Every structure is written in structure tokens, then in C-alpha cells.
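Next comes upload-v4.txt, with compact mmCIF, C-alpha atoms and all ligand atoms.
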# COMPACT_ATOMS: atom_id res chain seq x y z
CA MET W 1 141.87 -39.93 -238.37
CA SER W 2 138.25 -39.01 -237.60
CA GLN W 3 136.82 -40.35 -234.35
CA THR W 4 133.30 -39.18 -235.18
CA ALA W 5 130.47 -41.68 -235.74
CA ASP W 6 129.48 -42.46 -239.31
CA LEU W 7 126.26 -41.25 -240.93
CA GLU W 8 123.85 -43.53 -242.78
CA PRO W 9 124.46 -43.29 -246.55
CA SER W 10 121.69 -41.39 -248.35
CA ALA W 11 120.68 -40.08 -251.79
CA LEU W 12 122.52 -36.81 -251.08
CA GLY W 13 125.79 -38.77 -251.13
CA LYS W 14 125.28 -39.89 -254.72
CA LYS W 15 126.39 -38.09 -257.87
CA GLU W 16 123.11 -38.96 -259.67
CA PHE W 17 121.18 -36.98 -257.06
CA TRP W 18 123.24 -33.85 -257.73
CA ASP W 19 123.14 -34.36 -261.51
CA ASP W 20 119.32 -34.47 -261.34
CA GLN W 21 119.17 -31.48 -258.98
CA TYR W 22 121.37 -29.32 -261.23
CA GLN W 23 119.62 -30.51 -264.40
CA LEU W 24 116.40 -29.09 -262.91
CA GLU W 25 118.20 -25.88 -261.88
CA LEU W 26 119.71 -25.59 -265.36
CA GLU W 27 116.27 -25.90 -266.97
CA ASN W 28 114.85 -23.29 -264.57
CA PHE W 29 117.76 -20.98 -265.37
CA HIS W 30 117.08 -21.35 -269.11
CA ASP W 31 113.30 -20.92 -268.63
CA HIS W 32 113.15 -17.94 -266.32
CA GLY W 33 116.64 -17.00 -265.15
CA ASP W 34 116.33 -18.60 -261.68
CA GLU W 35 119.90 -19.21 -260.46
CA GLY W 36 118.84 -22.02 -258.12
CA GLU W 37 119.12 -22.89 -254.47
CA VAL W 38 121.39 -21.05 -252.04
CA TRP W 39 122.36 -24.03 -249.90
CA PHE W 40 121.77 -23.20 -246.17
CA GLY W 41 120.18 -19.87 -247.26
CA ASN W 42 121.39 -16.33 -247.93
CA LEU W 43 122.20 -15.52 -244.33
CA VAL W 44 124.79 -18.31 -244.05
CA MET W 45 126.29 -17.43 -247.44
CA ASN W 46 126.48 -13.74 -246.53
CA ARG W 47 128.20 -14.49 -243.23
CA ILE W 48 130.86 -16.58 -244.97
CA VAL W 49 131.41 -13.87 -247.58
CA LYS W 50 131.56 -11.14 -244.94
CA TRP W 51 134.10 -13.05 -242.83
CA CYS W 52 136.35 -13.66 -245.85
CA SER W 53 136.16 -10.15 -247.26
CA SER W 54 136.70 -8.42 -243.92
CA SER W 55 139.60 -10.62 -242.72
CA GLU W 56 142.82 -8.60 -242.66
CA SER W 57 144.84 -11.82 -242.84
CA ILE W 58 143.56 -12.73 -246.32
CA ASP W 59 144.98 -11.03 -249.40
CA LYS W 60 142.40 -10.53 -252.17
CA LYS W 61 144.98 -11.83 -254.66
CA THR W 62 145.31 -15.19 -252.92
CA PRO W 63 143.96 -18.20 -254.85
CA VAL W 64 140.53 -19.20 -253.50
CA LEU W 65 138.94 -22.63 -253.98
CA ASP W 66 135.25 -23.43 -253.47
CA VAL W 67 135.00 -27.23 -253.13
CA GLY W 68 131.72 -28.59 -254.49
CA SER W 69 130.70 -25.21 -255.88
CA GLY W 70 127.28 -26.35 -257.20
CA ASN W 71 125.59 -23.44 -258.99
CA GLY W 72 128.64 -21.30 -258.17
CA LEU W 73 126.78 -18.55 -256.30
CA LEU W 74 129.18 -18.51 -253.32
CA ALA W 75 132.22 -18.33 -255.63
CA LEU W 76 130.52 -15.49 -257.51
CA GLU W 77 129.80 -13.53 -254.32
CA ILE W 78 133.41 -13.97 -253.21
CA SER W 79 134.62 -12.63 -256.53
CA ARG W 80 132.19 -9.68 -256.30
CA LYS W 81 133.87 -8.79 -253.00
CA GLY W 82 137.17 -8.30 -254.80
CA PHE W 83 138.86 -11.71 -254.70
CA LEU W 84 140.73 -11.91 -257.98
CA ASN W 85 141.56 -15.58 -258.33
CA VAL W 86 138.56 -17.79 -257.58
CA LEU W 87 138.13 -21.40 -258.68
CA GLY W 88 135.06 -23.58 -258.10
CA ILE W 89 135.11 -27.33 -258.64
CA ASP W 90 132.30 -29.87 -258.66
CA TYR W 91 131.90 -33.53 -259.58
CA SER W 92 128.56 -32.89 -261.30
CA GLU W 93 129.21 -31.84 -264.90
CA THR W 94 125.70 -30.32 -264.95
CA ALA W 95 126.54 -28.16 -261.92
CA VAL W 96 129.68 -26.98 -263.70
CA GLN W 97 127.66 -26.14 -266.83
CA LEU W 98 125.04 -24.23 -264.80
CA SER W 99 127.64 -22.32 -262.79
CA ARG W 100 129.54 -21.38 -265.97
CA GLU W 101 126.35 -20.05 -267.58
CA ILE W 102 125.46 -18.03 -264.46
CA ALA W 103 129.03 -16.69 -264.20
CA LYS W 104 129.01 -15.72 -267.89
CA GLU W 105 125.79 -13.71 -267.44
CA SER W 106 127.38 -11.86 -264.51
CA SER W 107 130.57 -11.21 -266.52
CA SER W 108 132.51 -12.91 -263.74
CA HIS W 109 136.06 -14.19 -263.99
CA VAL W 110 135.43 -17.10 -261.62
CA ARG W 111 136.84 -20.32 -263.11
CA LEU W 112 134.68 -23.44 -262.81
CA LYS W 113 135.90 -26.96 -263.39
CA PHE W 114 134.83 -30.55 -263.14
CA ALA W 115 136.71 -32.51 -260.44
CA ILE W 116 135.97 -35.34 -258.02
CA PHE W 117 137.53 -33.91 -254.92
CA CYS W 118 138.36 -37.08 -253.03
CA ARG W 119 139.86 -38.80 -256.08
CA ASN W 120 141.54 -36.86 -258.90
CA LEU W 121 143.12 -34.13 -256.81
CA ALA W 122 146.33 -33.95 -258.87
CA ALA W 123 144.33 -33.60 -262.10
CA PHE W 124 142.68 -30.34 -261.13
CA SER W 125 145.22 -28.79 -258.80
CA LYS W 126 148.34 -29.49 -260.94
CA GLY W 127 150.38 -28.48 -257.92
CA SER W 128 148.40 -25.26 -257.24
CA LYS W 129 147.96 -24.23 -253.62
CA PHE W 130 145.24 -22.03 -252.16
CA GLY W 131 145.19 -19.29 -249.53
CA LEU W 132 141.49 -19.74 -248.81
CA ILE W 133 139.31 -22.84 -249.24
CA LEU W 134 135.53 -22.85 -248.78
CA ASP W 135 133.14 -25.73 -248.34
CA LYS W 136 129.41 -25.10 -248.01
CA GLY W 137 127.63 -28.45 -247.78
CA THR W 138 130.13 -30.58 -249.72
CA TYR W 139 131.77 -32.43 -246.82
CA ASP W 140 128.17 -33.06 -245.68
CA ALA W 141 127.37 -34.69 -249.04
CA ILE W 142 130.62 -36.70 -249.01
CA SER W 143 129.76 -37.90 -245.48
CA LEU W 144 126.57 -39.47 -246.88
CA SER W 145 128.23 -41.43 -249.70
CA ASP W 146 128.58 -45.23 -249.72
CA ASN W 147 132.33 -44.78 -249.36
CA ALA W 148 132.13 -42.09 -246.69
CA VAL W 149 134.72 -43.34 -244.19
CA GLU W 150 137.48 -43.52 -246.79
CA ASP W 151 136.36 -40.36 -248.63
CA ARG W 152 136.15 -38.24 -245.47
CA GLY W 153 139.71 -39.19 -244.52
CA LYS W 154 140.94 -38.46 -248.03
CA TYR W 155 139.04 -35.16 -248.03
CA VAL W 156 140.83 -33.84 -244.94
CA GLU W 157 144.24 -34.92 -246.25
CA ASN W 158 143.56 -33.42 -249.69
CA ILE W 159 142.42 -30.08 -248.31
CA HIS W 160 145.53 -29.88 -246.17
CA SER W 161 147.84 -30.81 -249.05
CA ILE W 162 146.61 -27.98 -251.32
CA MET W 163 146.73 -25.18 -248.73
CA LEU W 164 149.42 -22.53 -248.59
CA PRO W 165 151.15 -21.96 -245.23
CA ASN W 166 148.96 -19.89 -242.86
CA SER W 167 145.96 -20.24 -245.15
CA PHE W 168 142.32 -20.58 -244.07
CA PHE W 169 139.65 -23.23 -244.52
CA LEU W 170 135.98 -22.41 -243.86
CA ILE W 171 133.42 -25.17 -243.66
CA ALA W 172 129.64 -24.86 -243.29
CA THR W 173 127.87 -28.03 -242.22
CA CYS W 174 124.43 -29.14 -241.11
CA ASN W 175 125.28 -32.82 -240.64
CA TRP W 176 128.00 -32.40 -238.06
CA THR W 177 128.14 -30.36 -234.89
CA MET W 178 130.87 -27.81 -234.38
CA GLU W 179 132.58 -30.21 -231.91
CA GLU W 180 132.48 -33.11 -234.40
CA ILE W 181 133.91 -31.01 -237.22
CA VAL W 182 136.72 -29.74 -235.01
CA GLN W 183 137.49 -33.32 -233.97
CA SER W 184 137.66 -34.49 -237.59
CA PHE W 185 139.89 -31.65 -238.84
CA LEU W 186 142.11 -30.92 -235.84
CA PRO W 187 144.91 -33.36 -236.66
CA TYR W 188 145.72 -31.18 -239.66
CA PHE W 189 144.36 -27.73 -238.77
CA CYS W 190 144.18 -25.19 -235.92
CA PHE W 191 140.71 -24.13 -234.89
CA VAL W 192 140.28 -20.36 -235.33
CA GLU W 193 136.63 -19.58 -234.56
CA THR W 194 133.02 -20.34 -235.36
CA ILE W 195 130.95 -17.85 -237.28
CA PRO W 196 127.59 -17.43 -235.53
CA THR W 197 124.57 -18.76 -237.40
CA PRO W 198 120.90 -18.29 -236.57
CA SER W 199 119.79 -20.91 -234.07
CA PHE W 200 116.36 -22.47 -233.90
CA GLN W 201 114.26 -23.99 -231.14
CA PHE W 202 112.96 -27.53 -231.43
CA GLY W 203 111.20 -29.55 -228.70
CA GLY W 204 112.05 -26.87 -226.16
CA LYS W 205 115.78 -27.15 -226.97
CA GLN W 206 117.88 -24.39 -228.47
CA GLY W 207 120.34 -25.58 -231.11
CA ASN W 208 122.18 -24.54 -234.27
CA ASN W 209 121.18 -26.11 -237.53
CA VAL W 210 124.24 -24.93 -239.46
CA SER W 211 127.77 -24.59 -238.08
CA ILE W 212 130.39 -22.48 -239.84
CA VAL W 213 133.87 -23.30 -238.60
CA VAL W 214 137.10 -21.52 -239.55
CA PHE W 215 140.42 -23.39 -239.49
CA LYS W 216 143.97 -22.33 -240.21
CA ARG W 217 146.53 -24.71 -241.73
CA ASN W 218 149.00 -26.11 -239.21
C1 LIG W 301 125.02 -29.52 -250.64
S1 LIG W 301 125.58 -29.18 -252.25
C2 LIG W 301 126.34 -27.62 -251.99
C3 LIG W 301 126.66 -26.88 -253.25
C4 LIG W 301 127.30 -25.50 -253.04
N1 LIG W 301 128.50 -25.57 -252.23
C5 LIG W 301 126.30 -24.54 -252.42
O1 LIG W 301 126.55 -24.08 -251.30
O2 LIG W 301 125.28 -24.28 -253.05
C6 LIG W 301 126.98 -30.32 -252.35
C7 LIG W 301 127.80 -30.16 -253.62
O3 LIG W 301 128.96 -30.99 -253.54
C8 LIG W 301 129.16 -31.61 -254.80
N2 LIG W 301 129.97 -32.81 -254.48
C9 LIG W 301 129.63 -33.86 -253.69
N3 LIG W 301 130.64 -34.73 -253.59
C10 LIG W 301 131.67 -34.22 -254.31
C11 LIG W 301 133.01 -34.65 -254.59
N4 LIG W 301 133.49 -35.80 -254.11
N5 LIG W 301 133.80 -33.86 -255.37
C12 LIG W 301 133.31 -32.70 -255.87
N6 LIG W 301 132.07 -32.25 -255.65
C13 LIG W 301 131.25 -32.99 -254.88
C14 LIG W 301 127.75 -31.86 -255.33
O4 LIG W 301 127.70 -32.04 -256.72
C15 LIG W 301 127.06 -30.56 -254.88
O5 LIG W 301 127.22 -29.54 -255.83

Could you write out this structure as C-alpha cells?
Ligand SMILES: C[S@@+](CC[C@H](N)C(=O)[O-])C[C@H]1O[C@@H](n2cnc3c(N)ncnc32)[C@H](O)[C@@H]1O
Amino acid sequence: MSQTADLEPSALGKKEFWDDQYQLELENFHDHGDEGEVWFGNLVMNRIVKWCSSSESIDKKTPVLDVGSGNGLLALEISRKGFLNVLGIDYSETAVQLSREIAKESSSHVRLKFAIFCRNLAAFSKGSKFGLILDKGTYDAISLSDNAVEDRGKYVENIHSIMLPNSFFLIATCNWTMEEIVQSFLPYFCFVETIPTPSFQFGGKQGNNVSIVVFKRN
């Protein structure tokens, strides 16, 4: 499976961290309507949405899954662009509650469910397959869990097993380089392209802080 080096486990790999984060976002949403953090910023989210909505290979009726949907803003944007069958899942019940409340206020038909992606796959998918799967920051979080080696392997296998033939998988990551992500997913997927992200300069070196990589199912 993955040949890439492991990352040190951190708080971002723990469910309690995300429960606390979304509890705060939920309170802010109730207090003053703030929908919460756009992970990696609006520019990255907009580039993902633009790629999906302008791709001629993706039918707007195809089932879309956002893995680790958090406050659900990416799933909502995708649905606003005309995708008719969008599901977001997250292992934080508080995130699911927040995303449902935000979706309800926007009169959106996005479905949001609780699911632990690396574990109870059958429970949420019930045999469903998807034509487009999105991950913005979730594989990053899974890579920082105490059980990361096993969970990362399971993640790649699970994504592959719920994809329709010729379907697409888009992943945005800040913990892995484009080369590392390709190495981890290639056994199961064909590399399609990277979506350019703004790069920053640090210590005289130019580098990308977020990579968005598009794969197609083998
Ligand atoms: C970095 S946040 C990104 C959230 C969202 N994708 C966004 O862009 O705002 C990572 C998300 O993954 C969720 N998550 C982490 N591990 C998960 C797992 N094994 N199954 C489902 N969700 C998970 C967390 O609860 C959190 O919402």
C-alpha cells in the first residue's frame, strides 16, 4: 500500500478535537449566523467547485460524496452549482448537526449523515456508489490519528470500493505533497491532474501549501 512516511499523531487526528471545534462553530452559528471555517480558504474551495461544475465528464445527476464534510459548506456549494444528489458524511455528530442547520437555512437538498469513514462503510453506503467523491482536509486528519497507518490504507480501499466506473476523486491536502498523494493512491486510481493553488514563499523557497489532486477510478 502506501510507501509514504508516517506523520506524528496530533490533536487534529482525534474526534474530540473536531467535536470541540464544531461545538464552537455551532454556538457561533446560533449566536450570530457565522457558518464557520472554510478549511484551506475560499480560493481552494472555489477551485474545487469550479473544476467539478465545469467538467464535461461529470453528469450533474451523478451521486456525489463529500467525505468528512464538516460544516457542509463545500457540499452546499456543489449543490448550488446544480449537482442534484449530494451526500456529506462526518464522524463528528456536532459537525453533522451544524451542517444540517446551515443546509436547512439555505433550503438545500444536501443530505448529511454521521459515519466513521474508515470503519462503518457498509452502514452508510448500503451498496451505493458515487460518480464524484471529494475530500478537503479529511485524509489529512485521518493521517494524524493514532491509528493512521491502518486507517489510511482502509481509506484508499474504501474510496475505491464505493466509486462507479470512470468516476472521479478529488483530494485537497496540506499535509502531503502532490507526489506523496499520488504515490498513496496510484495503486487504485489513475492520476488525472492537479488543480493549481496559490503558492507561497518561505525562507526564499517557493512552495505550495495546499495540493488539489484529481484521480479517476481504475
Ligand atoms: C480538516 S476538517 C475538514 C472539514 C471539511 N471537509 C471542510 O473542508 O471544511 C476534517 C474533517 O474530517 C472529519 N473526519 C476526520 N476523520 C474522519 C473519519 N474517519 N470519518 C469521517 N469523518 C472524519 C472531521 O470531523 C472534520 O470534519

| query | Residues at most 8 Å from ligand LIG 301 (chain W), using only C-alpha atoms and all ligand atoms? Could they come as a VMD selection string? | reply | chain W and resid 12 to 15 18 to 19 22 37 to 40 45 66 to 74 89 to 92 95 114 to 119 135 to 142 151

| task | Find the spatial neighbours of Ile133 in chain W, counting all atoms listed in the file, within a cut-off of 10 Å - ignore same-chain residues fewer than 5 positions away - and output them as a ChimeraX atom specification. | result | /W:63-67,86-88,159-160,162-163,167-171,215

| task | Using CA of Thr177 in chain W and CA of Ser54 in chain W as the two end points, give the distance in Å to one decimal. | result |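 Interatomic distance, CA of Thr177 in chain W to CA of Ser54 in chain W: 25.2 Å.
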
Within 12 Å of range 186-196 of chain W, which residues of range 16-102 of chain W show up? Give each one with its shortest atom-to-atom distance in Å (one decimal) and the two atoms involved, counting only C-alpha atoms, rows by chain then rising residue number, as JSON lines.
{"residue": "W:Leu43", "atom": "CA", "partner": "W:Pro196", "partner_atom": "CA", "distance": 10.5}
{"residue": "W:Val44", "atom": "CA", "partner": "W:Pro196", "partner_atom": "CA", "distance": 9.0}
{"residue": "W:Met45", "atom": "CA", "partner": "W:Ile195", "partner_atom": "CA", "distance": 11.2}
{"residue": "W:Asn46", "atom": "CA", "partner": "W:Ile195", "partner_atom": "CA", "distance": 11.1}
{"residue": "W:Arg47", "atom": "CA", "partner": "W:Ile195", "partner_atom": "CA", "distance": 7.4}
{"residue": "W:Ile48", "atom": "CA", "partner": "W:Ile195", "partner_atom": "CA", "distance": 7.8}
{"residue": "W:Val49", "atom": "CA", "partner": "W:Ile195", "partner_atom": "CA", "distance": 11.1}
{"residue": "W:Lys50", "atom": "CA", "partner": "W:Ile195", "partner_atom": "CA", "distance": 10.2}
{"residue": "W:Trp51", "atom": "CA", "partner": "W:Ile195", "partner_atom": "CA", "distance": 8.0}
{"residue": "W:Cys52", "atom": "CA", "partner": "W:Ile195", "partner_atom": "CA", "distance": 11.0}

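Relative to CA of Val110 in chain W, CA of Lys61 in chain W is found at 12.9 Å.
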
| Distance CA of Ser10 in chain W-CA of Leu144 in chain W, one decimal place? | 5.4 Å

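Among the candidates W:Asn42, W:Asn85, W:Asn28, W:Ser161, the residue lying nearest to Arg111 in chain W is W:Asn85 (atoms considered: all atoms listed in the file).
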
| Selected residue of minimal separation from Pro9 in chain W among W:Val213, W:Ala148, W:Ala172, W:Ile181, counting all atoms listed in the file |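 Checking each candidate against Pro9 in chain W, we get W:Ala148 as the closest.
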
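The list of residues with at least one atom within 10 Å of Asn166 in chain W, based on all atoms listed in the file and without residues fewer than 6 positions apart in the same chain, reads Ser57, Ile58, Gly131, Leu132, Phe189, Cys190, Phe215, Lys216, Arg217 and Asn218 of chain W.
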
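The nearest approach to Leu76 in chain W among the residues W:Gln23, W:Ser108, W:Ser184, W:Ser53, with all atoms listed in the file taken into account, belongs to W:Ser108.
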
| Within 6 Å of (144.4, -34.2, -254.8), all atoms listed in the file: residues as JSON, numbers by chain? | {"W": [120, 121, 122, 158]}

Take the point (152.5, -26.8, -253.2) as written in the file and pick out every residue within 10 Å of it, counting all atoms listed in the file; give the list as a JSON list (two decimals) with C-alpha atoms, in the frame of the given file.
[["chain", "number", "residue", "atom", "x", "y", "z"],
["W", 125, "SER", "CA", 145.22, -28.79, -258.80],
["W", 126, "LYS", "CA", 148.34, -29.49, -260.94],
["W", 127, "GLY", "CA", 150.38, -28.48, -257.92],
["W", 128, "SER", "CA", 148.40, -25.26, -257.24],
["W", 129, "LYS", "CA", 147.96, -24.23, -253.62],
["W", 130, "PHE", "CA", 145.24, -22.03, -252.16],
["W", 161, "SER", "CA", 147.84, -30.81, -249.05],
["W", 162, "ILE", "CA", 146.61, -27.98, -251.32],
["W", 163, "MET", "CA", 146.73, -25.18, -248.73],
["W", 164, "LEU", "CA", 149.42, -22.53, -248.59],
["W", 165, "PRO", "CA", 151.15, -21.96, -245.23]]

| said: Counting all atoms listed in the file, which residue out of W:Asp59, W:Glu157, W:Ser106, W:Gln97 sits closest to Phe83 in chain W? | reply: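 Of all the options, W:Asp59 lies closest to Phe83 in chain W.
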
| field | Nearest-residue call for Leu7 in chain W, choices W:Ser143, W:Glu93, W:Phe185, W:Val156, using all atoms listed in the file | value |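 Among the listed residues, W:Ser143 lies closest to Leu7 in chain W.
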